[in-house]
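Engineer: Dropping in final.cif, which is mmCIF, N, CA and C atoms:
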data_upload
#
loop_
_atom_site.label_atom_id
_atom_site.label_comp_id
_atom_site.auth_asym_id
_atom_site.auth_seq_id
_atom_site.Cartn_x
_atom_site.Cartn_y
_atom_site.Cartn_z
N MET Q 872 90.20 78.32 114.19
CA MET Q 872 91.08 79.21 113.45
C MET Q 872 91.75 80.13 114.46
N ASP Q 873 93.02 80.39 114.24
CA ASP Q 873 93.77 81.20 115.19
C ASP Q 873 94.66 82.17 114.43
N TRP Q 874 95.23 83.12 115.13
CA TRP Q 874 96.12 84.12 114.54
C TRP Q 874 97.27 83.48 113.77
N GLU Q 875 97.72 82.33 114.23
CA GLU Q 875 98.90 81.69 113.65
C GLU Q 875 98.76 81.42 112.15
N VAL Q 876 97.56 81.19 111.66
CA VAL Q 876 97.40 80.84 110.26
C VAL Q 876 97.42 82.05 109.33
N CYS Q 877 97.38 83.23 109.88
CA CYS Q 877 97.27 84.44 109.06
C CYS Q 877 98.60 85.16 108.79
N PHE Q 878 99.63 84.83 109.53
CA PHE Q 878 100.87 85.59 109.46
C PHE Q 878 102.07 84.68 109.25
N PHE Q 879 103.14 85.26 108.72
CA PHE Q 879 104.41 84.55 108.60
C PHE Q 879 105.14 84.58 109.94
N THR Q 880 105.91 83.54 110.22
CA THR Q 880 106.87 83.67 111.31
C THR Q 880 107.96 84.61 110.83
N VAL Q 881 108.77 85.11 111.75
CA VAL Q 881 109.84 86.03 111.35
C VAL Q 881 110.78 85.35 110.36
N GLU Q 882 111.13 84.11 110.61
CA GLU Q 882 112.04 83.41 109.70
C GLU Q 882 111.42 83.18 108.33
N GLU Q 883 110.14 82.82 108.28
CA GLU Q 883 109.46 82.67 106.99
C GLU Q 883 109.44 83.99 106.23
N TYR Q 884 109.18 85.08 106.95
CA TYR Q 884 109.13 86.40 106.32
C TYR Q 884 110.49 86.78 105.74
N LYS Q 885 111.55 86.49 106.48
CA LYS Q 885 112.89 86.78 105.98
C LYS Q 885 113.18 85.98 104.71
N GLN Q 886 112.71 84.75 104.64
CA GLN Q 886 112.90 83.94 103.43
C GLN Q 886 112.16 84.56 102.24
N VAL Q 887 110.95 85.03 102.48
CA VAL Q 887 110.19 85.69 101.42
C VAL Q 887 110.92 86.95 100.96
N LEU Q 888 111.43 87.73 101.91
CA LEU Q 888 112.19 88.92 101.55
C LEU Q 888 113.41 88.58 100.71
N ALA Q 889 114.10 87.51 101.06
CA ALA Q 889 115.29 87.09 100.31
C ALA Q 889 114.91 86.71 98.88
N GLU Q 890 113.79 86.02 98.71
CA GLU Q 890 113.34 85.65 97.36
C GLU Q 890 112.99 86.89 96.55
N LYS Q 891 112.29 87.84 97.15
CA LYS Q 891 111.95 89.08 96.46
C LYS Q 891 113.21 89.88 96.13
N TYR Q 892 114.15 89.88 97.04
CA TYR Q 892 115.41 90.60 96.84
C TYR Q 892 116.15 90.04 95.62
N GLN Q 893 116.18 88.74 95.50
CA GLN Q 893 116.88 88.11 94.37
C GLN Q 893 116.26 88.50 93.03
N GLN Q 894 114.98 88.81 93.03
CA GLN Q 894 114.29 89.18 91.80
C GLN Q 894 114.66 90.58 91.32
N SER Q 895 115.09 91.44 92.24
CA SER Q 895 115.38 92.83 91.87
C SER Q 895 116.39 93.45 92.83
N LYS Q 896 117.60 92.91 92.82
CA LYS Q 896 118.64 93.36 93.76
C LYS Q 896 118.93 94.85 93.64
N GLN Q 897 119.11 95.33 92.42
CA GLN Q 897 119.50 96.72 92.23
C GLN Q 897 118.44 97.68 92.79
N TYR Q 898 117.18 97.40 92.49
CA TYR Q 898 116.11 98.25 93.00
C TYR Q 898 116.04 98.19 94.53
N CYS Q 899 116.10 96.98 95.07
CA CYS Q 899 116.03 96.82 96.53
C CYS Q 899 117.19 97.52 97.23
N ASP Q 900 118.38 97.41 96.66
CA ASP Q 900 119.54 98.09 97.26
C ASP Q 900 119.34 99.59 97.25
N CYS Q 901 118.75 100.10 96.18
CA CYS Q 901 118.49 101.54 96.09
C CYS Q 901 117.47 101.99 97.13
N VAL Q 902 116.42 101.19 97.31
CA VAL Q 902 115.33 101.57 98.21
C VAL Q 902 115.66 101.33 99.68
N ILE Q 903 116.20 100.15 99.99
CA ILE Q 903 116.44 99.82 101.40
C ILE Q 903 117.90 99.80 101.80
N GLY Q 904 118.79 99.88 100.82
CA GLY Q 904 120.22 99.89 101.14
C GLY Q 904 120.83 98.51 101.33
N GLY Q 905 120.09 97.47 101.02
CA GLY Q 905 120.60 96.11 101.15
C GLY Q 905 119.72 95.27 102.07
N LEU Q 906 119.68 94.01 101.78
CA LEU Q 906 118.81 93.09 102.53
C LEU Q 906 119.22 92.99 104.00
N ASN Q 907 120.51 93.04 104.29
CA ASN Q 907 120.96 92.94 105.68
C ASN Q 907 120.47 94.11 106.53
N ILE Q 908 120.32 95.27 105.91
CA ILE Q 908 119.79 96.42 106.66
C ILE Q 908 118.36 96.15 107.10
N LEU Q 909 117.58 95.57 106.21
CA LEU Q 909 116.20 95.24 106.54
C LEU Q 909 116.14 94.14 107.60
N TYR Q 910 116.99 93.12 107.45
CA TYR Q 910 117.05 92.06 108.45
C TYR Q 910 117.43 92.62 109.82
N ASP Q 911 118.40 93.52 109.84
CA ASP Q 911 118.82 94.13 111.11
C ASP Q 911 117.66 94.88 111.77
N LYS Q 912 116.89 95.60 110.96
CA LYS Q 912 115.75 96.35 111.50
C LYS Q 912 114.73 95.39 112.11
N ILE Q 913 114.45 94.31 111.41
CA ILE Q 913 113.52 93.31 111.92
C ILE Q 913 114.04 92.71 113.23
N ASP Q 914 115.34 92.39 113.27
CA ASP Q 914 115.92 91.80 114.47
C ASP Q 914 115.86 92.74 115.67
N VAL Q 915 116.07 94.03 115.45
CA VAL Q 915 115.99 95.00 116.54
C VAL Q 915 114.57 95.02 117.12
N ILE Q 916 113.58 95.05 116.25
CA ILE Q 916 112.19 95.08 116.70
C ILE Q 916 111.84 93.77 117.42
N LEU Q 917 112.26 92.66 116.85
CA LEU Q 917 111.99 91.35 117.46
C LEU Q 917 112.65 91.24 118.83
N ASN Q 918 113.91 91.64 118.93
CA ASN Q 918 114.62 91.58 120.22
C ASN Q 918 113.95 92.46 121.26
N PHE Q 919 113.51 93.65 120.85
CA PHE Q 919 112.80 94.52 121.79
C PHE Q 919 111.54 93.83 122.29
N ALA Q 920 110.75 93.27 121.37
CA ALA Q 920 109.50 92.62 121.74
C ALA Q 920 109.76 91.46 122.70
N MET Q 921 110.74 90.63 122.39
CA MET Q 921 111.03 89.46 123.23
C MET Q 921 111.50 89.88 124.62
N ASP Q 922 112.39 90.88 124.69
CA ASP Q 922 112.89 91.35 125.98
C ASP Q 922 111.76 91.98 126.80
N ASP Q 923 110.93 92.79 126.14
CA ASP Q 923 109.84 93.45 126.84
C ASP Q 923 108.82 92.44 127.36
N PHE Q 924 108.48 91.49 126.53
CA PHE Q 924 107.51 90.48 126.92
C PHE Q 924 108.00 89.68 128.12
N LYS Q 925 109.28 89.39 128.18
CA LYS Q 925 109.83 88.62 129.31
C LYS Q 925 109.80 89.42 130.61
N LYS Q 926 109.87 90.75 130.51
CA LYS Q 926 109.82 91.60 131.70
C LYS Q 926 108.43 91.66 132.31
N TYR Q 927 107.41 91.58 131.47
CA TYR Q 927 106.05 91.83 131.94
C TYR Q 927 105.16 90.61 132.01
N SER Q 928 105.64 89.49 131.56
CA SER Q 928 104.80 88.29 131.56
C SER Q 928 105.37 87.25 132.52
N GLN Q 929 104.49 86.62 133.27
CA GLN Q 929 104.95 85.54 134.14
C GLN Q 929 105.23 84.27 133.33
N TYR Q 930 104.72 84.21 132.12
CA TYR Q 930 104.95 83.07 131.25
C TYR Q 930 106.05 83.40 130.25
N THR Q 931 106.89 82.44 129.93
CA THR Q 931 108.01 82.72 129.03
C THR Q 931 107.98 81.89 127.76
N GLU Q 932 107.08 80.93 127.68
CA GLU Q 932 107.02 80.07 126.50
C GLU Q 932 106.02 80.62 125.49
N LEU Q 933 106.40 80.55 124.22
CA LEU Q 933 105.49 80.95 123.16
C LEU Q 933 104.84 79.71 122.55
N ARG Q 934 103.61 79.87 122.13
CA ARG Q 934 102.87 78.77 121.50
C ARG Q 934 103.40 78.48 120.10
N CYS Q 935 103.90 79.52 119.44
CA CYS Q 935 104.44 79.39 118.09
C CYS Q 935 105.57 80.41 117.97
N PRO Q 936 106.41 80.29 116.95
CA PRO Q 936 107.48 81.28 116.79
C PRO Q 936 106.88 82.68 116.62
N PRO Q 937 107.65 83.72 116.94
CA PRO Q 937 107.18 85.09 116.74
C PRO Q 937 106.73 85.30 115.29
N MET Q 938 105.63 86.03 115.14
CA MET Q 938 105.07 86.31 113.82
C MET Q 938 105.26 87.79 113.49
N ILE Q 939 105.18 88.12 112.21
CA ILE Q 939 105.46 89.47 111.75
C ILE Q 939 104.59 89.83 110.56
N PHE Q 940 104.30 91.12 110.45
CA PHE Q 940 103.71 91.63 109.21
C PHE Q 940 104.12 93.09 109.04
N PRO Q 941 104.23 93.54 107.79
CA PRO Q 941 104.55 94.94 107.54
C PRO Q 941 103.28 95.78 107.62
N MET Q 942 103.45 97.03 108.08
CA MET Q 942 102.32 97.95 108.12
C MET Q 942 102.77 99.28 107.52
N PRO Q 943 102.07 99.76 106.50
CA PRO Q 943 102.43 101.05 105.89
C PRO Q 943 102.40 102.17 106.92
N ARG Q 944 103.37 103.07 106.79
CA ARG Q 944 103.44 104.21 107.73
C ARG Q 944 102.31 105.21 107.51
N GLY Q 945 101.84 105.29 106.28
CA GLY Q 945 100.76 106.23 105.99
C GLY Q 945 101.25 107.66 105.84
N ASP Q 946 102.52 107.81 105.50
CA ASP Q 946 103.05 109.15 105.29
C ASP Q 946 103.65 109.25 103.89
N SER Q 947 104.27 110.36 103.59
CA SER Q 947 104.80 110.59 102.24
C SER Q 947 106.00 109.72 101.90
N SER Q 948 106.57 109.03 102.87
CA SER Q 948 107.72 108.17 102.60
C SER Q 948 107.34 106.90 101.84
N ASN Q 949 106.05 106.56 101.90
CA ASN Q 949 105.56 105.30 101.31
C ASN Q 949 106.26 104.09 101.91
N GLY Q 950 106.85 104.24 103.08
CA GLY Q 950 107.55 103.15 103.75
C GLY Q 950 106.61 102.34 104.63
N ALA Q 951 107.18 101.33 105.23
CA ALA Q 951 106.43 100.48 106.14
C ALA Q 951 107.30 100.16 107.34
N ASP Q 952 106.66 99.87 108.43
CA ASP Q 952 107.33 99.38 109.62
C ASP Q 952 106.77 97.99 109.92
N PHE Q 953 107.35 97.33 110.90
CA PHE Q 953 106.95 95.96 111.17
C PHE Q 953 106.24 95.84 112.50
N VAL Q 954 105.28 94.93 112.53
CA VAL Q 954 104.53 94.61 113.73
C VAL Q 954 104.89 93.17 114.11
N ILE Q 955 105.20 92.96 115.37
CA ILE Q 955 105.56 91.63 115.88
C ILE Q 955 104.40 91.11 116.73
N ILE Q 956 104.09 89.84 116.55
CA ILE Q 956 103.01 89.20 117.30
C ILE Q 956 103.61 88.03 118.09
N LEU Q 957 103.35 88.03 119.38
CA LEU Q 957 103.78 86.94 120.25
C LEU Q 957 102.55 86.29 120.85
N LYS Q 958 102.45 84.99 120.75
CA LYS Q 958 101.32 84.25 121.30
C LYS Q 958 101.83 83.37 122.44
N LEU Q 959 101.33 83.63 123.64
CA LEU Q 959 101.77 82.91 124.82
C LEU Q 959 101.23 81.49 124.82
N ASP Q 960 102.06 80.54 125.22
CA ASP Q 960 101.66 79.15 125.24
C ASP Q 960 100.70 78.87 126.40
N GLU Q 961 101.00 79.39 127.56
CA GLU Q 961 100.26 79.07 128.78
C GLU Q 961 98.76 79.37 128.68
N ASP Q 962 98.44 80.59 128.27
CA ASP Q 962 97.03 80.99 128.27
C ASP Q 962 96.52 81.42 126.89
N GLY Q 963 97.39 81.39 125.89
CA GLY Q 963 96.98 81.73 124.54
C GLY Q 963 96.83 83.22 124.29
N ASP Q 964 97.15 84.04 125.28
CA ASP Q 964 97.08 85.49 125.06
C ASP Q 964 98.00 85.88 123.91
N THR Q 965 97.59 86.89 123.19
CA THR Q 965 98.37 87.40 122.07
C THR Q 965 98.83 88.80 122.39
N ILE Q 966 100.13 89.05 122.24
CA ILE Q 966 100.71 90.36 122.49
C ILE Q 966 101.19 90.91 121.15
N VAL Q 967 100.79 92.13 120.83
CA VAL Q 967 101.14 92.74 119.55
C VAL Q 967 102.02 93.95 119.82
N TYR Q 968 103.20 93.97 119.21
CA TYR Q 968 104.13 95.10 119.31
C TYR Q 968 104.08 95.85 117.99
N SER Q 969 103.55 97.06 118.04
CA SER Q 969 103.37 97.87 116.85
C SER Q 969 103.92 99.27 117.06
N PRO Q 970 104.56 99.85 116.03
CA PRO Q 970 105.02 101.23 116.16
C PRO Q 970 103.86 102.22 116.02
N PHE Q 971 102.69 101.72 115.69
CA PHE Q 971 101.51 102.56 115.51
C PHE Q 971 100.43 102.14 116.50
N PRO Q 972 99.60 103.06 116.93
CA PRO Q 972 98.47 102.68 117.78
C PRO Q 972 97.53 101.75 117.00
N LEU Q 973 97.06 100.71 117.65
CA LEU Q 973 96.08 99.79 117.07
C LEU Q 973 94.89 99.71 118.02
N PRO Q 974 94.07 100.77 118.07
CA PRO Q 974 93.00 100.83 119.07
C PRO Q 974 92.00 99.68 118.96
N HIS Q 975 91.85 99.11 117.79
CA HIS Q 975 90.88 98.01 117.64
C HIS Q 975 91.38 96.74 118.31
N LEU Q 976 92.65 96.70 118.74
CA LEU Q 976 93.18 95.53 119.43
C LEU Q 976 93.29 95.75 120.93
N GLU Q 977 93.01 96.94 121.40
CA GLU Q 977 93.16 97.24 122.83
C GLU Q 977 92.03 96.65 123.63
#
Mind converting the file's structure to structure tokens?

Structural biologist:
Amino acid sequence: MDWEVCFFTVEEYKQVLAEKYQQSKQYCDCVIGGLNILYDKIDVILNFAMDDFKKYSQYTELRCPPMIFPMPRGDSSNGADFVIILKLDEDGDTIVYSPFPLPHLE
């Protein structure tokens, strides 16, 4: 069993978001301002993770596509941010990009 079976790839997650959006467009537009805004936010985080990983890793191939999951901010906004997971092909190391400290993964 590996991390890959527990999370959506970024593209799979975007498809799920699109399906949820279609179920309640008006509400989603009110809360997030439109699906493209959410996609843009995900892309910014993903691009940062990919660029950063390439700067610090001697390996450039991923074992699987980048994975993602939402994490609640834990504040009064009731919002969530996204965590990106990159799994290196060469040695299987997993790199997690999170806007929050995850001490249990350090």

Engineer: Would you translate the PyMOL selection byres (((chain Q and resi 925-935 and name CA) around 8) and name CA) into the concrete set of residues it matches in this file, as a PyMOL selection string?

Structural biologist: chain Q and resi 875+921-924+936-937+957-961+963

Engineer: When you draw a straight line from atom C of Thr965 in chain Q to atom N of Tyr892 in chain Q, how long is it in Å?

Structural biologist: 29.6 Å

Engineer: Run DSSP on the backbone of this structure and report the residues of chain Q it assigns to helix (DSSP H, G or I), as a VMD selection string.

Structural biologist: chain Q and resid 874 to 876 881 to 894 896 to 903 906 to 927 974 to 976

Engineer: Would you translate the PyMOL selection byres ((chain Q and resi 942) around 6) into the concrete set of residues it matches in this file, as a PDB file with N, CA and C atoms, in the coordinates of the input?

Structural biologist:
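Result written to selection19.pdb:
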ATOM      1  N   PHE Q 940     104.300  91.120 110.450  1.00  0.00           N
ATOM      2  CA  PHE Q 940     103.710  91.630 109.210  1.00  0.00           C
ATOM      3  C   PHE Q 940     104.120  93.090 109.040  1.00  0.00           C
ATOM      4  N   PRO Q 941     104.230  93.540 107.790  1.00  0.00           N
ATOM      5  CA  PRO Q 941     104.550  94.940 107.540  1.00  0.00           C
ATOM      6  C   PRO Q 941     103.280  95.780 107.620  1.00  0.00           C
ATOM      7  N   PRO Q 943     102.070  99.760 106.500  1.00  0.00           N
ATOM      8  CA  PRO Q 943     102.430 101.050 105.890  1.00  0.00           C
ATOM      9  C   PRO Q 943     102.400 102.170 106.920  1.00  0.00           C
ATOM     10  N   ARG Q 944     103.370 103.070 106.790  1.00  0.00           N
ATOM     11  CA  ARG Q 944     103.440 104.210 107.730  1.00  0.00           C
ATOM     12  C   ARG Q 944     102.310 105.210 107.510  1.00  0.00           C
ATOM     13  N   GLY Q 950     106.850 104.240 103.080  1.00  0.00           N
ATOM     14  CA  GLY Q 950     107.550 103.150 103.750  1.00  0.00           C
ATOM     15  C   GLY Q 950     106.610 102.340 104.630  1.00  0.00           C
ATOM     16  N   ALA Q 951     107.180 101.330 105.230  1.00  0.00           N
ATOM     17  CA  ALA Q 951     106.430 100.480 106.140  1.00  0.00           C
ATOM     18  C   ALA Q 951     107.300 100.160 107.340  1.00  0.00           C
ATOM     19  N   ASP Q 952     106.660  99.870 108.430  1.00  0.00           N
ATOM     20  CA  ASP Q 952     107.330  99.380 109.620  1.00  0.00           C
ATOM     21  C   ASP Q 952     106.770  97.990 109.920  1.00  0.00           C
ATOM     22  N   PHE Q 953     107.350  97.330 110.900  1.00  0.00           N
ATOM     23  CA  PHE Q 953     106.950  95.960 111.170  1.00  0.00           C
ATOM     24  C   PHE Q 953     106.240  95.840 112.500  1.00  0.00           C
ATOM     25  N   VAL Q 954     105.280  94.930 112.530  1.00  0.00           N
ATOM     26  CA  VAL Q 954     104.530  94.610 113.730  1.00  0.00           C
ATOM     27  C   VAL Q 954     104.890  93.170 114.110  1.00  0.00           C
TER      28      VAL Q 954
END

Engineer: For the atom pair CA of Ile956 in chain Q and CA of Ile939 in chain Q, what is the interatomic distance in Å to one decimal place?

Structural biologist: 6.1 Å

Engineer: List as a ChimeraX atom specification the protein and nucleic acid residues near Ile955 in chain Q, meaning an atom at most 7 Å away when only N, CA and C atoms are counted, but skip any in the same chain fewer than 5 places from it.

Structural biologist: /Q:916-917,937-940,966-970

Engineer: The selected residues should be written to file as a PDB file, in the frame of the given file (atoms: N, CA and C atoms).

Structural biologist:
ATOM      1  N   ILE Q 916     113.580  95.050 116.250  1.00  0.00           N
ATOM      2  CA  ILE Q 916     112.190  95.080 116.700  1.00  0.00           C
ATOM      3  C   ILE Q 916     111.840  93.770 117.420  1.00  0.00           C
ATOM      4  N   LEU Q 917     112.260  92.660 116.850  1.00  0.00           N
ATOM      5  CA  LEU Q 917     111.990  91.350 117.460  1.00  0.00           C
ATOM      6  C   LEU Q 917     112.650  91.240 118.830  1.00  0.00           C
ATOM      7  N   PRO Q 937     107.650  83.720 116.940  1.00  0.00           N
ATOM      8  CA  PRO Q 937     107.180  85.090 116.740  1.00  0.00           C
ATOM      9  C   PRO Q 937     106.730  85.300 115.290  1.00  0.00           C
ATOM     10  N   MET Q 938     105.630  86.030 115.140  1.00  0.00           N
ATOM     11  CA  MET Q 938     105.070  86.310 113.820  1.00  0.00           C
ATOM     12  C   MET Q 938     105.260  87.790 113.490  1.00  0.00           C
ATOM     13  N   ILE Q 939     105.180  88.120 112.210  1.00  0.00           N
ATOM     14  CA  ILE Q 939     105.460  89.470 111.750  1.00  0.00           C
ATOM     15  C   ILE Q 939     104.590  89.830 110.560  1.00  0.00           C
ATOM     16  N   PHE Q 940     104.300  91.120 110.450  1.00  0.00           N
ATOM     17  CA  PHE Q 940     103.710  91.630 109.210  1.00  0.00           C
ATOM     18  C   PHE Q 940     104.120  93.090 109.040  1.00  0.00           C
ATOM     19  N   ILE Q 966     100.130  89.050 122.240  1.00  0.00           N
ATOM     20  CA  ILE Q 966     100.710  90.360 122.490  1.00  0.00           C
ATOM     21  C   ILE Q 966     101.190  90.910 121.150  1.00  0.00           C
ATOM     22  N   VAL Q 967     100.790  92.130 120.830  1.00  0.00           N
ATOM     23  CA  VAL Q 967     101.140  92.740 119.550  1.00  0.00           C
ATOM     24  C   VAL Q 967     102.020  93.950 119.820  1.00  0.00           C
ATOM     25  N   TYR Q 968     103.200  93.970 119.210  1.00  0.00           N
ATOM     26  CA  TYR Q 968     104.130  95.100 119.310  1.00  0.00           C
ATOM     27  C   TYR Q 968     104.080  95.850 117.990  1.00  0.00           C
ATOM     28  N   SER Q 969     103.550  97.060 118.040  1.00  0.00           N
ATOM     29  CA  SER Q 969     103.370  97.870 116.850  1.00  0.00           C
ATOM     30  C   SER Q 969     103.920  99.270 117.060  1.00  0.00           C
ATOM     31  N   PRO Q 970     104.560  99.850 116.030  1.00  0.00           N
ATOM     32  CA  PRO Q 970     105.020 101.230 116.160  1.00  0.00           C
ATOM     33  C   PRO Q 970     103.860 102.220 116.020  1.00  0.00           C
TER      34      PRO Q 970
END

Engineer: Could N, CA, C and O atoms be built for range 956-971 of chain Q and written out as a short mmCIF file (atom, residue, chain, number, x, y, z; two decimals), keeping the file's coordinate frame?

Structural biologist:
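What ended up in rebuild21.cif:
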data_model
loop_
_atom_site.label_atom_id
_atom_site.label_comp_id
_atom_site.auth_asym_id
_atom_site.auth_seq_id
_atom_site.Cartn_x
_atom_site.Cartn_y
_atom_site.Cartn_z
N ILE Q 956 104.09 89.84 116.55
CA ILE Q 956 103.01 89.20 117.30
C ILE Q 956 103.61 88.03 118.09
O ILE Q 956 104.29 87.18 117.52
N LEU Q 957 103.35 88.03 119.38
CA LEU Q 957 103.78 86.94 120.25
C LEU Q 957 102.55 86.29 120.85
O LEU Q 957 101.68 86.97 121.40
N LYS Q 958 102.45 84.99 120.75
CA LYS Q 958 101.32 84.25 121.30
C LYS Q 958 101.83 83.37 122.44
O LYS Q 958 102.66 82.51 122.24
N LEU Q 959 101.33 83.63 123.64
CA LEU Q 959 101.77 82.91 124.82
C LEU Q 959 101.23 81.49 124.82
O LEU Q 959 100.07 81.25 124.50
N ASP Q 960 102.06 80.54 125.22
CA ASP Q 960 101.66 79.15 125.24
C ASP Q 960 100.70 78.87 126.40
O ASP Q 960 99.70 78.18 126.23
N GLU Q 961 101.00 79.39 127.56
CA GLU Q 961 100.26 79.07 128.78
C GLU Q 961 98.76 79.37 128.68
O GLU Q 961 97.93 78.53 128.96
N ASP Q 962 98.44 80.59 128.27
CA ASP Q 962 97.03 80.99 128.27
C ASP Q 962 96.52 81.42 126.89
O ASP Q 962 95.37 81.80 126.75
N GLY Q 963 97.39 81.39 125.89
CA GLY Q 963 96.98 81.73 124.54
C GLY Q 963 96.83 83.22 124.29
O GLY Q 963 96.41 83.62 123.20
N ASP Q 964 97.15 84.04 125.28
CA ASP Q 964 97.08 85.49 125.06
C ASP Q 964 98.00 85.88 123.91
O ASP Q 964 99.07 85.29 123.72
N THR Q 965 97.59 86.89 123.19
CA THR Q 965 98.37 87.40 122.07
C THR Q 965 98.83 88.80 122.39
O THR Q 965 98.02 89.65 122.76
N ILE Q 966 100.13 89.05 122.24
CA ILE Q 966 100.71 90.36 122.49
C ILE Q 966 101.19 90.91 121.15
O ILE Q 966 101.92 90.22 120.43
N VAL Q 967 100.79 92.13 120.83
CA VAL Q 967 101.14 92.74 119.55
C VAL Q 967 102.02 93.95 119.82
O VAL Q 967 101.64 94.85 120.57
N TYR Q 968 103.20 93.97 119.21
CA TYR Q 968 104.13 95.10 119.31
C TYR Q 968 104.08 95.85 117.99
O TYR Q 968 104.49 95.34 116.96
N SER Q 969 103.55 97.06 118.04
CA SER Q 969 103.37 97.87 116.85
C SER Q 969 103.92 99.27 117.06
O SER Q 969 103.74 99.84 118.14
N PRO Q 970 104.56 99.85 116.03
CA PRO Q 970 105.02 101.23 116.16
C PRO Q 970 103.86 102.22 116.02
O PRO Q 970 104.06 103.41 116.22
N PHE Q 971 102.69 101.72 115.69
CA PHE Q 971 101.51 102.56 115.51
C PHE Q 971 100.43 102.14 116.50
O PHE Q 971 100.32 100.95 116.83
#
